[in-house]
Amino acid sequence: MGKRLLLIALIVFVGCKGNSQKKENKNTTQKESAYKVNKTDAEWKSELSAMEYQVLRKAATERAFSSPLLKIKEKGTYVCAACGTPVFRSEYKFESGSGWPSFDREIEGNVAFDVDYDIGVARTEEHCATCGGHLGHVFNDGPRNTTGERHCINGVALKFVADNN
């Protein structure tokens, strides 16, 4: 009896996908039209590298430990690679060991949040609030002495701009 209840609960859990969890077409969605920067799929493809396009426009994930941004230690700002919006400051960056640039907070107002169910469980997705480009995800396993958050960001979704000293 217990196994049947568990099986029924599992079926209900997996089958409970409402409209809020549907994957939207990234070409011309209502969601995208809310952004200040709107371009066609062809325009994004022509302006971004193949990997930037896959991550920023199709929510792909770059290979862990592949980003040169992991090694940057200087002061500056990390901006969206698609539109240049400042999204993270260097003082928010920390070494998480995850293989992706990690930050304990975003630049408030420049990063938007949504929920995705791409791996079957709810995760908080982060995207650029100006163009809608996918940046990564935020988790609650970051530094406890600051925010407790780990913004796990695809390096290819960012460009680093050093501060002028």
# chains A, B, ... in the order shown; residues from 1 in each chain; ligands from 1
>>> residues_around(residues="segment 56-62 of chain A", least_positions_apart="2", cutoff="7 Å", atoms="only C-alpha atoms", output="MDAnalysis selection string")
chainID A and resid 26 52:54 64 133:135 154 157
>>> select_by_dssp(residues="segment 11-149 of chain A", states="alpha helix (DSSP H)", output="list in words")
Ile11, Val12, Phe13, Val14, Gly15, Gln30, Lys31, Glu32, Ser33, Asp41, Ala42, Glu43, Trp44, Lys45, Ser46, Glu47, Ala50, Met51, Glu52, Tyr53, Gln54, Val55, Leu56, Arg57 and Lys58 of chain A
>>> residues_around(residues="Phe94 of chain A", least_positions_apart="5", cutoff="8 Å", atoms="only C-alpha atoms", output="VMD selection string")
chain A and resid 101 to 104
>>> closest_residue(among="A:Thr130, A:Thr146, A:Asn140, A:Thr77", to="Lys39 of chain A", atoms="only C-alpha atoms")
A:Thr130
>>> select_by_dssp(residues="segment 15-147 of chain A", states="strand (DSSP E or B)", output="ChimeraX atom specification")
/A:76-80,86-89,93-94,102-103,111-116,123-128,134-139
>>> write_last_selection(atoms="N, CA, C and O atoms", output="tab-separated table (two decimals), in the first residue's frame")
chain	number	residue	atom	x	y	z
A	76	GLY	N	36.21	45.64	-10.60
A	76	GLY	CA	35.48	46.06	-11.78
A	76	GLY	C	34.04	45.58	-11.74
A	76	GLY	O	33.52	45.17	-10.71
A	77	THR	N	33.44	45.61	-12.91
A	77	THR	CA	32.03	45.27	-13.05
A	77	THR	C	31.87	44.20	-14.12
A	77	THR	O	32.51	44.26	-15.17
A	78	TYR	N	31.02	43.24	-13.82
A	78	TYR	CA	30.66	42.21	-14.78
A	78	TYR	C	29.35	42.65	-15.44
A	78	TYR	O	28.37	42.92	-14.74
A	79	VAL	N	29.38	42.75	-16.77
A	79	VAL	CA	28.21	43.22	-17.51
A	79	VAL	C	27.65	42.11	-18.38
A	79	VAL	O	28.36	41.15	-18.72
A	80	CYS	N	26.39	42.22	-18.73
A	80	CYS	CA	25.74	41.26	-19.63
A	80	CYS	C	26.47	41.29	-20.97
A	80	CYS	O	26.67	42.35	-21.55
A	86	PRO	N	25.30	46.40	-16.44
A	86	PRO	CA	26.07	45.94	-15.28
A	86	PRO	C	25.21	45.02	-14.41
A	86	PRO	O	24.11	45.40	-14.00
A	87	VAL	N	25.69	43.80	-14.14
A	87	VAL	CA	24.89	42.84	-13.39
A	87	VAL	C	25.54	42.38	-12.08
A	87	VAL	O	24.83	42.02	-11.13
A	88	PHE	N	26.88	42.40	-11.99
A	88	PHE	CA	27.59	41.99	-10.77
A	88	PHE	C	28.82	42.85	-10.59
A	88	PHE	O	29.45	43.26	-11.56
A	89	ARG	N	29.21	43.09	-9.33
A	89	ARG	CA	30.43	43.81	-9.01
A	89	ARG	C	31.49	42.81	-8.54
A	89	ARG	O	31.16	41.78	-7.96
A	93	LYS	N	32.06	38.85	-5.85
A	93	LYS	CA	32.53	37.57	-6.39
A	93	LYS	C	33.24	36.76	-5.31
A	93	LYS	O	33.92	37.32	-4.45
A	94	PHE	N	33.07	35.44	-5.35
A	94	PHE	CA	33.79	34.57	-4.43
A	94	PHE	C	34.07	33.24	-5.12
A	94	PHE	O	33.46	32.91	-6.13
A	102	SER	N	30.97	32.90	-9.44
A	102	SER	CA	29.94	32.95	-8.42
A	102	SER	C	29.99	34.28	-7.68
A	102	SER	O	31.06	34.81	-7.40
A	103	PHE	N	28.81	34.77	-7.34
A	103	PHE	CA	28.66	36.06	-6.66
A	103	PHE	C	27.66	35.87	-5.53
A	103	PHE	O	26.77	35.04	-5.61
A	111	VAL	N	19.17	42.54	-12.54
A	111	VAL	CA	19.00	41.10	-12.74
A	111	VAL	C	17.56	40.76	-12.40
A	111	VAL	O	17.04	41.19	-11.37
A	112	ALA	N	16.92	40.00	-13.28
A	112	ALA	CA	15.54	39.56	-13.05
A	112	ALA	C	15.55	38.07	-12.72
A	112	ALA	O	16.49	37.35	-13.09
A	113	PHE	N	14.54	37.63	-12.03
A	113	PHE	CA	14.47	36.26	-11.56
A	113	PHE	C	13.20	35.59	-12.04
A	113	PHE	O	12.16	36.23	-12.18
A	114	ASP	N	13.30	34.29	-12.29
A	114	ASP	CA	12.16	33.49	-12.71
A	114	ASP	C	12.41	32.08	-12.16
A	114	ASP	O	13.47	31.80	-11.64
A	115	VAL	N	11.45	31.22	-12.31
A	115	VAL	CA	11.60	29.83	-11.89
A	115	VAL	C	11.64	28.96	-13.13
A	115	VAL	O	10.82	29.14	-14.04
A	116	ASP	N	12.62	28.06	-13.21
A	116	ASP	CA	12.61	27.09	-14.30
A	116	ASP	C	12.54	25.68	-13.72
A	116	ASP	O	12.94	25.45	-12.58
A	123	ARG	N	14.08	25.72	-9.86
A	123	ARG	CA	15.33	26.46	-9.62
A	123	ARG	C	15.07	27.92	-9.93
A	123	ARG	O	14.27	28.23	-10.81
A	124	THR	N	15.77	28.80	-9.23
A	124	THR	CA	15.63	30.23	-9.51
A	124	THR	C	16.61	30.60	-10.61
A	124	THR	O	17.82	30.55	-10.43
A	125	GLU	N	16.05	30.96	-11.76
A	125	GLU	CA	16.84	31.36	-12.91
A	125	GLU	C	17.09	32.87	-12.85
A	125	GLU	O	16.23	33.63	-12.42
A	126	GLU	N	18.27	33.28	-13.28
A	126	GLU	CA	18.60	34.70	-13.35
A	126	GLU	C	18.78	35.10	-14.80
A	126	GLU	O	19.38	34.36	-15.58
A	127	HIS	N	18.26	36.24	-15.14
A	127	HIS	CA	18.49	36.77	-16.48
A	127	HIS	C	18.65	38.28	-16.41
A	127	HIS	O	18.26	38.92	-15.43
A	128	CYS	N	19.24	38.83	-17.43
A	128	CYS	CA	19.46	40.26	-17.52
A	128	CYS	C	18.11	40.96	-17.56
A	128	CYS	O	17.24	40.60	-18.36
A	134	HIS	N	19.81	34.87	-20.51
A	134	HIS	CA	19.99	33.92	-19.42
A	134	HIS	C	21.40	34.04	-18.86
A	134	HIS	O	22.38	33.98	-19.60
A	135	LEU	N	21.51	34.23	-17.55
A	135	LEU	CA	22.81	34.36	-16.90
A	135	LEU	C	23.19	33.07	-16.17
A	135	LEU	O	24.33	32.63	-16.26
A	136	GLY	N	22.27	32.50	-15.43
A	136	GLY	CA	22.55	31.31	-14.63
A	136	GLY	C	21.44	31.09	-13.63
A	136	GLY	O	20.28	31.38	-13.90
A	137	HIS	N	21.82	30.61	-12.43
A	137	HIS	CA	20.85	30.31	-11.38
A	137	HIS	C	21.38	30.78	-10.04
A	137	HIS	O	22.59	30.90	-9.85
A	138	VAL	N	20.49	31.01	-9.10
A	138	VAL	CA	20.88	31.38	-7.75
A	138	VAL	C	20.47	30.26	-6.79
A	138	VAL	O	19.40	29.68	-6.92
A	139	PHE	N	21.39	29.94	-5.87
A	139	PHE	CA	21.18	28.87	-4.90
A	139	PHE	C	21.42	29.42	-3.50
A	139	PHE	O	22.08	30.44	-3.32
>>> closest_residue(among="A:Met51, A:Cys131, A:Val121, A:Ile153", to="Tyr35 of chain A", atoms="only C-alpha atoms")
A:Cys131
>>> residues_around(residues="Gly99 of chain A", least_positions_apart="6", cutoff="8 Å", atoms="only C-alpha atoms", output="MDAnalysis selection string")
chainID A and resid 64:66 70
>>> write_last_selection(atoms="C-alpha atoms", output="compact mmCIF listing (two decimals), in the first residue's frame")
# COMPACT_ATOMS: atom_id res chain seq x y z
CA ALA A 64 32.41 23.95 -15.82
CA PHE A 65 35.87 25.49 -15.28
CA SER A 66 35.97 26.78 -18.90
CA LEU A 70 37.18 32.51 -12.94
>>> atom_distance(atom1="atom CA of His151 of chain A", atom2="atom CA of Arg105 of chain A")
6.8 Å
>>> atom_distance(atom1="atom CA of Lys36 of chain A", atom2="atom CA of Gly109 of chain A")
13.1 Å
>>> atom_distance(atom1="atom CA of Glu106 of chain A", atom2="atom CA of Ala50 of chain A")
25.6 Å
>>> decode(residues="segment 101-133 of chain A", atoms="N, CA and C atoms", output="CSV table (one decimal), in the first residue's frame")
chain,number,residue,atom,x,y,z
A,101,PRO,N,31.7,31.3,-12.5
A,101,PRO,CA,31.9,32.5,-11.7
A,101,PRO,C,30.7,32.6,-10.7
A,102,SER,N,31.0,32.9,-9.4
A,102,SER,CA,29.9,32.9,-8.4
A,102,SER,C,30.0,34.3,-7.7
A,103,PHE,N,28.8,34.8,-7.3
A,103,PHE,CA,28.7,36.1,-6.7
A,103,PHE,C,27.7,35.9,-5.5
A,104,ASP,N,27.8,36.7,-4.5
A,104,ASP,CA,26.9,36.5,-3.4
A,104,ASP,C,25.7,37.5,-3.5
A,105,ARG,N,25.7,38.4,-4.5
A,105,ARG,CA,24.6,39.2,-4.7
A,105,ARG,C,24.7,39.9,-6.1
A,106,GLU,N,23.6,40.3,-6.6
A,106,GLU,CA,23.6,41.0,-7.9
A,106,GLU,C,23.5,42.5,-7.8
A,107,ILE,N,23.7,43.2,-8.9
A,107,ILE,CA,23.4,44.7,-8.8
A,107,ILE,C,21.9,44.8,-8.9
A,108,GLU,N,21.3,45.3,-7.8
A,108,GLU,CA,19.9,45.3,-7.6
A,108,GLU,C,19.2,46.1,-8.7
A,109,GLY,N,18.2,45.5,-9.3
A,109,GLY,CA,17.4,46.1,-10.4
A,109,GLY,C,17.9,45.7,-11.7
A,110,ASN,N,19.1,45.2,-11.9
A,110,ASN,CA,19.6,44.8,-13.2
A,110,ASN,C,19.6,43.3,-13.5
A,111,VAL,N,19.2,42.5,-12.5
A,111,VAL,CA,19.0,41.1,-12.7
A,111,VAL,C,17.6,40.8,-12.4
A,112,ALA,N,16.9,40.0,-13.3
A,112,ALA,CA,15.5,39.6,-13.1
A,112,ALA,C,15.6,38.1,-12.7
A,113,PHE,N,14.5,37.6,-12.0
A,113,PHE,CA,14.5,36.3,-11.6
A,113,PHE,C,13.2,35.6,-12.0
A,114,ASP,N,13.3,34.3,-12.3
A,114,ASP,CA,12.2,33.5,-12.7
A,114,ASP,C,12.4,32.1,-12.2
A,115,VAL,N,11.4,31.2,-12.3
A,115,VAL,CA,11.6,29.8,-11.9
A,115,VAL,C,11.6,29.0,-13.1
A,116,ASP,N,12.6,28.1,-13.2
A,116,ASP,CA,12.6,27.1,-14.3
A,116,ASP,C,12.5,25.7,-13.7
A,117,TYR,N,12.0,24.8,-14.5
A,117,TYR,CA,11.8,23.4,-14.1
A,117,TYR,C,12.6,22.5,-15.1
A,118,ASP,N,13.6,23.0,-15.7
A,118,ASP,CA,14.3,22.2,-16.8
A,118,ASP,C,14.9,20.9,-16.3
A,119,ILE,N,15.2,20.8,-15.1
A,119,ILE,CA,15.8,19.5,-14.6
A,119,ILE,C,14.8,18.8,-13.7
A,120,GLY,N,13.5,19.2,-13.8
A,120,GLY,CA,12.5,18.5,-13.0
A,120,GLY,C,12.2,19.0,-11.6
A,121,VAL,N,13.0,20.0,-11.2
A,121,VAL,CA,12.7,20.6,-9.9
A,121,VAL,C,12.8,22.1,-10.1
A,122,ALA,N,12.2,22.8,-9.2
A,122,ALA,CA,12.2,24.3,-9.3
A,122,ALA,C,13.6,24.9,-9.0
A,123,ARG,N,14.1,25.7,-9.9
A,123,ARG,CA,15.3,26.5,-9.6
A,123,ARG,C,15.1,27.9,-9.9
A,124,THR,N,15.8,28.8,-9.2
A,124,THR,CA,15.6,30.2,-9.5
A,124,THR,C,16.6,30.6,-10.6
A,125,GLU,N,16.1,31.0,-11.8
A,125,GLU,CA,16.8,31.4,-12.9
A,125,GLU,C,17.1,32.9,-12.8
A,126,GLU,N,18.3,33.3,-13.3
A,126,GLU,CA,18.6,34.7,-13.3
A,126,GLU,C,18.8,35.1,-14.8
A,127,HIS,N,18.3,36.2,-15.1
A,127,HIS,CA,18.5,36.8,-16.5
A,127,HIS,C,18.6,38.3,-16.4
A,128,CYS,N,19.2,38.8,-17.4
A,128,CYS,CA,19.5,40.3,-17.5
A,128,CYS,C,18.1,41.0,-17.6
A,129,ALA,N,17.9,42.0,-16.7
A,129,ALA,CA,16.7,42.7,-16.7
A,129,ALA,C,16.5,43.6,-17.9
A,130,THR,N,17.5,43.8,-18.6
A,130,THR,CA,17.4,44.7,-19.8
A,130,THR,C,17.1,44.0,-21.1
A,131,CYS,N,17.8,42.9,-21.3
A,131,CYS,CA,17.6,42.1,-22.6
A,131,CYS,C,17.0,40.7,-22.4
A,132,GLY,N,16.9,40.3,-21.2
A,132,GLY,CA,16.3,38.9,-20.9
A,132,GLY,C,17.3,37.8,-21.1
A,133,GLY,N,18.6,38.1,-21.3
A,133,GLY,CA,19.6,37.1,-21.5
A,133,GLY,C,19.8,36.2,-20.3
